[in-house]
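Here is the file structure_37.pdb (PDB, C-alpha atoms).
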ATOM      1  CA  MET A  40     -36.547  -2.263   0.589
ATOM      2  CA  GLN A  41     -36.040  -5.137  -1.842
ATOM      3  CA  ILE A  42     -35.779  -8.852  -1.176
ATOM      4  CA  GLU A  43     -33.546 -11.152  -3.181
ATOM      5  CA  SER A  44     -33.137 -14.810  -2.277
ATOM      6  CA  ASP A  45     -34.407 -14.207   1.281
ATOM      7  CA  LYS A  46     -31.731 -11.540   1.825
ATOM      8  CA  VAL A  47     -32.973  -8.092   2.702
ATOM      9  CA  ILE A  48     -31.329  -5.250   0.770
ATOM     10  CA  PHE A  49     -31.428  -2.083   2.867
ATOM     11  CA  PRO A  50     -31.188   1.496   1.570
ATOM     12  CA  ARG A  51     -27.669   2.921   1.482
ATOM     13  CA  TRP A  52     -28.386   5.565   4.123
ATOM     14  CA  MET A  53     -29.620   2.885   6.511
ATOM     15  CA  GLU A  54     -26.489   0.775   6.068
ATOM     16  CA  VAL A  55     -24.216   3.804   6.585
ATOM     17  CA  SER A  56     -26.141   4.819   9.712
ATOM     18  CA  ALA A  57     -25.933   1.263  11.042
ATOM     19  CA  LYS A  58     -22.157   1.158  10.491
ATOM     20  CA  ILE A  59     -21.686   4.476  12.303
ATOM     21  CA  ILE A  60     -23.811   3.300  15.248
ATOM     22  CA  SER A  61     -21.844   0.030  15.355
ATOM     23  CA  ILE A  62     -18.557   1.935  15.585
ATOM     24  CA  VAL A  63     -19.704   4.540  18.122
ATOM     25  CA  PHE A  64     -21.194   1.865  20.372
ATOM     26  CA  HIS A  65     -18.431  -0.685  19.946
ATOM     27  CA  PRO A  66     -18.514  -2.930  23.053
ATOM     28  CA  LEU A  67     -15.145  -1.626  24.268
ATOM     29  CA  PHE A  68     -16.354   1.970  23.944
ATOM     30  CA  VAL A  69     -19.569   1.108  25.779
ATOM     31  CA  GLY A  70     -17.522   0.168  28.846
ATOM     32  CA  VAL A  71     -15.948   3.640  28.800
ATOM     33  CA  MET A  72     -19.390   5.229  28.430
ATOM     34  CA  MET A  73     -20.588   3.308  31.477
ATOM     35  CA  ALA A  74     -17.574   4.470  33.481
ATOM     36  CA  PHE A  75     -18.025   8.069  32.280
ATOM     37  CA  TYR A  76     -21.657   7.998  33.391
ATOM     38  CA  LEU A  77     -20.766   6.767  36.875
ATOM     39  CA  ILE A  78     -17.839   9.178  37.305
ATOM     40  CA  PHE A  79     -19.092  12.409  35.743
ATOM     41  CA  ILE A  80     -22.886  12.219  35.352
ATOM     42  CA  HIS A  81     -24.318  10.221  38.250
ATOM     43  CA  PRO A  82     -25.051  12.644  41.101
ATOM     44  CA  SER A  83     -23.662  10.705  44.056
ATOM     45  CA  TYR A  84     -21.180   7.901  43.384
ATOM     46  CA  PHE A  85     -18.098  10.111  42.918
ATOM     47  CA  VAL A  86     -19.051  12.999  45.152
ATOM     48  CA  GLY A  87     -15.942  14.366  46.892
ATOM     49  CA  PHE A  88     -13.531  13.305  44.147
ATOM     50  CA  SER A  89     -11.491  16.055  42.523
ATOM     51  CA  ALA A  90     -11.659  16.581  38.764
ATOM     52  CA  LYS A  91      -8.146  15.123  38.487
ATOM     53  CA  ALA A  92      -9.052  12.021  40.501
ATOM     54  CA  LYS A  93     -12.136  11.443  38.351
ATOM     55  CA  MET A  94     -10.148  11.767  35.157
ATOM     56  CA  LEU A  95      -7.508   9.326  36.402
ATOM     57  CA  LYS A  96     -10.224   6.736  37.064
ATOM     58  CA  LEU A  97     -11.610   7.196  33.576
ATOM     59  CA  LEU A  98      -8.159   7.040  31.991
ATOM     60  CA  ALA A  99      -7.484   3.772  33.815
ATOM     61  CA  VAL A 100     -10.605   2.288  32.225
ATOM     62  CA  ILE A 101      -9.675   3.613  28.776
ATOM     63  CA  ASN A 102      -6.105   2.336  29.040
ATOM     64  CA  ASN A 103      -6.900  -1.172  30.290
ATOM     65  CA  ASN A 104     -10.300  -1.820  28.716
ATOM     66  CA  VAL A 105      -9.894  -0.136  25.335
ATOM     67  CA  PHE A 106      -6.279   0.599  24.383
ATOM     68  CA  PHE A 107      -4.751  -2.778  25.239
ATOM     69  CA  PRO A 108      -7.555  -4.951  23.761
ATOM     70  CA  LEU A 109      -7.498  -2.881  20.546
ATOM     71  CA  LEU A 110      -3.712  -3.201  20.448
ATOM     72  CA  VAL A 111      -4.056  -6.988  20.598
ATOM     73  CA  VAL A 112      -6.558  -6.921  17.707
ATOM     74  CA  ALA A 113      -4.239  -4.701  15.654
ATOM     75  CA  LEU A 114      -1.280  -7.002  16.313
ATOM     76  CA  LEU A 115      -3.276 -10.064  15.298
ATOM     77  CA  LYS A 116      -4.225  -8.365  12.042
ATOM     78  CA  GLY A 117      -0.661  -7.124  11.430
ATOM     79  CA  LEU A 118       0.848 -10.554  12.064
ATOM     80  CA  GLY A 119      -1.682 -12.271   9.821
ATOM     81  CA  PHE A 120      -3.478 -14.250  12.531
ATOM     82  CA  SER A 121      -6.787 -12.616  11.629
ATOM     83  CA  LYS A 122      -8.090 -11.460   8.270
ATOM     84  CA  SER A 123      -9.852  -8.386   9.581
ATOM     85  CA  VAL A 124     -10.002  -6.129  12.625
ATOM     86  CA  TYR A 125     -13.765  -6.714  12.537
ATOM     87  CA  LEU A 126     -13.301 -10.286  13.833
ATOM     88  CA  THR A 127     -15.955 -11.768  11.578
ATOM     89  CA  THR A 128     -15.366 -15.412  12.515
ATOM     90  CA  GLN A 129     -15.561 -17.242  15.826
ATOM     91  CA  LYS A 130     -11.948 -18.400  15.502
ATOM     92  CA  GLU A 131     -10.685 -14.829  15.109
ATOM     93  CA  ARG A 132     -12.450 -13.832  18.310
ATOM     94  CA  ILE A 133     -10.755 -16.328  20.628
ATOM     95  CA  VAL A 134      -7.531 -14.411  21.362
ATOM     96  CA  PRO A 135      -9.272 -11.001  21.629
ATOM     97  CA  TYR A 136     -11.717 -12.535  24.106
ATOM     98  CA  ILE A 137      -8.835 -13.899  26.181
ATOM     99  CA  ALA A 138      -7.094 -10.499  26.041
ATOM    100  CA  SER A 139     -10.275  -8.701  27.088
ATOM    101  CA  ILE A 140     -10.819 -11.126  29.967
ATOM    102  CA  THR A 141      -7.277 -10.475  31.173
ATOM    103  CA  PHE A 142      -7.466  -6.685  30.972
ATOM    104  CA  PHE A 143     -10.998  -6.462  32.388
ATOM    105  CA  PHE A 144      -9.927  -8.563  35.361
ATOM    106  CA  TRP A 145      -6.849  -6.394  35.857
ATOM    107  CA  THR A 146      -8.982  -3.232  35.985
ATOM    108  CA  TYR A 147     -11.335  -4.904  38.454
ATOM    109  CA  TYR A 148      -8.426  -6.118  40.599
ATOM    110  CA  VAL A 149      -6.742  -2.692  40.704
ATOM    111  CA  PHE A 150      -9.962  -0.839  41.540
ATOM    112  CA  LYS A 151     -10.888  -3.427  44.160
ATOM    113  CA  HIS A 152      -7.637  -2.755  46.036
ATOM    114  CA  GLN A 153      -8.133   1.001  45.991
ATOM    115  CA  PRO A 154     -10.304   1.632  49.091
ATOM    116  CA  GLU A 155     -11.425   5.042  47.865
ATOM    117  CA  THR A 156     -12.874   3.657  44.622
ATOM    118  CA  PRO A 157     -16.700   3.434  44.776
ATOM    119  CA  ARG A 158     -17.918  -0.145  44.849
ATOM    120  CA  ILE A 159     -20.245   0.442  41.898
ATOM    121  CA  ILE A 160     -17.429   0.863  39.363
ATOM    122  CA  VAL A 161     -15.482  -2.028  40.890
ATOM    123  CA  ASN A 162     -18.475  -4.301  40.380
ATOM    124  CA  MET A 163     -19.091  -2.882  36.917
ATOM    125  CA  CYS A 164     -15.604  -4.043  35.894
ATOM    126  CA  ARG A 165     -16.281  -7.405  37.505
ATOM    127  CA  GLY A 166     -19.451  -7.706  35.424
ATOM    128  CA  MET A 167     -17.473  -7.008  32.258
ATOM    129  CA  PHE A 168     -15.040  -9.752  33.272
ATOM    130  CA  PHE A 169     -17.940 -12.176  33.872
ATOM    131  CA  ALA A 170     -19.544 -11.347  30.511
ATOM    132  CA  SER A 171     -16.351 -11.710  28.452
ATOM    133  CA  SER A 172     -15.535 -15.006  30.177
ATOM    134  CA  ALA A 173     -19.000 -16.404  29.441
ATOM    135  CA  ALA A 174     -18.819 -15.096  25.866
ATOM    136  CA  LEU A 175     -15.542 -16.963  25.293
ATOM    137  CA  LEU A 176     -17.222 -20.206  26.323
ATOM    138  CA  LEU A 177     -20.312 -19.578  24.189
ATOM    139  CA  ASN A 178     -18.112 -18.606  21.237
ATOM    140  CA  ASN A 179     -17.303 -22.316  20.888
ATOM    141  CA  TYR A 180     -20.919 -22.956  19.884
ATOM    142  CA  TYR A 181     -22.084 -19.853  18.032
ATOM    143  CA  LYS A 182     -21.061 -16.262  17.275
ATOM    144  CA  ILE A 183     -22.699 -14.415  20.141
ATOM    145  CA  SER A 184     -22.950 -10.678  19.541
ATOM    146  CA  MET A 185     -20.302  -8.645  21.347
ATOM    147  CA  HIS A 186     -22.306  -5.478  20.652
ATOM    148  CA  GLY A 187     -25.305  -7.152  22.266
ATOM    149  CA  ILE A 188     -23.224  -7.986  25.337
ATOM    150  CA  GLY A 189     -22.050  -4.370  25.554
ATOM    151  CA  VAL A 190     -25.467  -2.716  25.475
ATOM    152  CA  GLY A 191     -26.883  -5.447  27.716
ATOM    153  CA  GLY A 192     -24.232  -4.580  30.301
ATOM    154  CA  MET A 193     -25.113  -0.906  29.976
ATOM    155  CA  MET A 194     -28.770  -1.725  30.557
ATOM    156  CA  GLY A 195     -27.893  -3.760  33.654
ATOM    157  CA  LEU A 196     -25.938  -0.838  35.086
ATOM    158  CA  MET A 197     -28.785   1.605  34.437
ATOM    159  CA  VAL A 198     -31.329  -0.737  36.001
ATOM    160  CA  LEU A 199     -29.275  -0.826  39.187
ATOM    161  CA  THR A 200     -28.706   2.933  39.395
ATOM    162  CA  VAL A 201     -32.438   3.548  38.990
ATOM    163  CA  PHE A 202     -33.651   0.918  41.443
ATOM    164  CA  ASP A 203     -31.035   1.385  44.167
ATOM    165  CA  GLY A 204     -32.439   4.810  44.962
ATOM    166  CA  THR A 205     -29.402   6.844  43.869
ATOM    167  CA  MET A 206     -30.982   8.107  40.639
ATOM    168  CA  TYR A 207     -34.395   9.740  40.822
ATOM    169  CA  SER A 208     -34.978   9.965  37.076
ATOM    170  CA  GLY A 209     -35.789   7.149  34.695
ATOM    171  CA  MET A 210     -34.292   9.077  31.776
ATOM    172  CA  PRO A 211     -30.927   7.182  31.770
ATOM    173  CA  LEU A 212     -32.827   3.898  31.586
ATOM    174  CA  MET A 213     -35.009   5.115  28.707
ATOM    175  CA  VAL A 214     -32.003   6.472  26.792
ATOM    176  CA  THR A 215     -30.181   3.161  27.273
ATOM    177  CA  ALA A 216     -33.224   1.244  26.023
ATOM    178  CA  LEU A 217     -33.258   3.427  22.896
ATOM    179  CA  ILE A 218     -29.512   2.938  22.352
ATOM    180  CA  SER A 219     -29.874  -0.822  22.824
ATOM    181  CA  GLY A 220     -32.613  -0.999  20.205
ATOM    182  CA  LEU A 221     -30.571   1.040  17.733
ATOM    183  CA  VAL A 222     -27.413  -1.018  18.267
ATOM    184  CA  LEU A 223     -29.124  -4.393  17.983
ATOM    185  CA  SER A 224     -31.008  -3.310  14.870
ATOM    186  CA  SER A 225     -27.826  -1.884  13.355
ATOM    187  CA  ARG A 226     -25.939  -5.121  13.901
ATOM    188  CA  LYS A 227     -28.766  -7.045  12.228
ATOM    189  CA  ILE A 228     -28.433  -4.750   9.210
ATOM    190  CA  VAL A 229     -24.639  -4.700   8.727
ATOM    191  CA  SER A 230     -23.458  -8.013  10.193
ATOM    192  CA  ASP A 231     -24.199 -11.686   9.654
ATOM    193  CA  HIS A 232     -25.665 -12.023  13.149
ATOM    194  CA  GLN A 233     -29.034 -13.651  13.647
ATOM    195  CA  TRP A 234     -31.516 -12.316  16.186
ATOM    196  CA  PHE A 235     -30.605 -15.229  18.443
ATOM    197  CA  ASP A 236     -26.977 -14.038  18.564
ATOM    198  CA  LEU A 237     -28.053 -10.480  19.335
ATOM    199  CA  ILE A 238     -30.708 -11.198  21.951
ATOM    200  CA  THR A 239     -28.650 -13.785  23.826
ATOM    201  CA  GLY A 240     -25.711 -11.371  23.809
ATOM    202  CA  PHE A 241     -27.907  -8.640  25.262
ATOM    203  CA  LEU A 242     -29.266 -10.969  27.953
ATOM    204  CA  LEU A 243     -25.772 -12.200  28.832
ATOM    205  CA  GLY A 244     -24.467  -8.662  29.305
ATOM    206  CA  LEU A 245     -27.537  -7.702  31.337
ATOM    207  CA  ILE A 246     -27.418 -10.739  33.614
ATOM    208  CA  CYS A 247     -23.644 -10.569  34.203
ATOM    209  CA  GLN A 248     -23.846  -6.911  35.218
ATOM    210  CA  LEU A 249     -26.780  -7.522  37.555
ATOM    211  CA  VAL A 250     -25.050 -10.500  39.168
ATOM    212  CA  ALA A 251     -21.809  -8.541  39.624
ATOM    213  CA  LEU A 252     -23.569  -5.453  40.941
ATOM    214  CA  TRP A 253     -26.100  -7.073  43.260
ATOM    215  CA  PHE A 254     -24.116  -9.989  44.715
TER     216      PHE A 254
END

Could you render the structure as structure tokens?
Amino acid sequence: MQIESDKVIFPRWMEVSAKIISIVFHPLFVGVMMAFYLIFIHPSYFVGFSAKAKMLKLLAVINNNVFFPLLVVALLKGLGFSKSVYLTTQKERIVPYIASITFFFWTYYVFKHQPETPRIIVNMCRGMFFASSAALLLNNYYKISMHGIGVGGMMGLMVLTVFDGTMYSGMPLMVTALISGLVLSSRKIVSDHQWFDLITGFLLGLICQLVALWF
């Protein structure tokens, strides 16, 4: 590791690994991972649902929370309103935040009015709506980390599933803690984020999920 003008130069393999981790755990993908965990891995929340019903729930999350927000980002890039799909500036993030808020709320609203849908995934979507709304406001002041918000939300969900008595193993919580550390470190390596951006993003995601899930 070399240091030039206070800028840390990381080995090539570390930068490549950090970029891969950043893509795999993109905040939109993290929401799908959270839904997948609740639907297919957690032992009790979706008991009694058929395989088809479970898949339809997951597809609804993918369609509303991933496909449409990514489509908005692609359109902004194609129309010249943003320089990059990576949304490197605060200004470029405004419309994608608004789009995410809209689609996250729509998913929450639809699930809320489906009586058979477990409350946990309804509140998870509400937490994502809370976090994106707060992030839009904070984006006026500094570039809060969206990756930090994503893994913070995942941590909040795991904390609840461990402490509400429905999960008798702490393994999901430990795995999420490891993922969070890797993602935050990766963003520090390959982005212009400061630790303040990353940590406050993580805390925002965590708090919004806990508020949505517990209250």

List the spatial neighbours of Leu176 of chain A as a PyMOL selection string - criterion: any atom at most 12 Å away, only C-alpha atoms, same-chain residues fewer than 3 positions off excluded. chain A and resi 129+132-133+136-137+140+169-173+179-183+243

Name the residues that the PyMOL selection byres ((chain A and resi 64) around 10) pulls out of this structure, and write them as an NGL selection string. :A and (58-63 or 65-70 or 72 or 186 or 189-190 or 218-219 or 221-222)

Just say which residues the PyMOL selection byres ((chain A and resi 250) around 10) picks in this file, as a CSV table (one decimal) with C-alpha atoms, keeping the file's coordinate frame.
chain,number,residue,atom,x,y,z
A,162,ASN,CA,-18.5,-4.3,40.4
A,163,MET,CA,-19.1,-2.9,36.9
A,165,ARG,CA,-16.3,-7.4,37.5
A,166,GLY,CA,-19.5,-7.7,35.4
A,169,PHE,CA,-17.9,-12.2,33.9
A,195,GLY,CA,-27.9,-3.8,33.7
A,245,LEU,CA,-27.5,-7.7,31.3
A,246,ILE,CA,-27.4,-10.7,33.6
A,247,CYS,CA,-23.6,-10.6,34.2
A,248,GLN,CA,-23.8,-6.9,35.2
A,249,LEU,CA,-26.8,-7.5,37.6
A,251,ALA,CA,-21.8,-8.5,39.6
A,252,LEU,CA,-23.6,-5.5,40.9
A,253,TRP,CA,-26.1,-7.1,43.3
A,254,PHE,CA,-24.1,-10.0,44.7

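Excluding Phe107 of chain A itself and any same-chain residue fewer than 2 positions from it, the protein and nucleic acid residues within 12 Å of it, counting all atoms listed in the file, are Leu67, Ala99, Val100, Ile101, Asn102, Asn103, Asn104, Val105, Leu109, Leu110, Val111, Val112, Ala113, Leu114, Pro135, Ile137, Ala138, Ser139, Ile140, Thr141, Phe142, Phe143, Trp145 and Thr146 of chain A.
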
Once the PyMOL selection byres ((chain A and resi 201-208) around 10) has been applied to the shown file, what residues remain in the selection, as a ChimeraX atom specification? /A:81-84,196-200,209-213,253

In Å, how far is it from atom CA of Phe79 of chain A to atom CA of Lys96 of chain A? 10.6 Å

Give me the residues within 10 Å of Pro157 of chain A as a ChimeraX atom specification, counting all atoms listed in the file and dropping any in the same chain fewer than 5 places off. /A:77-78,84-86,150-151,162

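Distance annotation: of A:Ile160, A:Ala74, A:Lys122, A:Ser224, the residue with the minimal separation from Ser56 of chain A is A:Ser224; atom set is all atoms listed in the file.
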
Could you check which of A:Gly191, A:Gly240, A:Gln233, A:Ser89 is closest to Leu177 of chain A, using all atoms listed in the file? A:Gly240
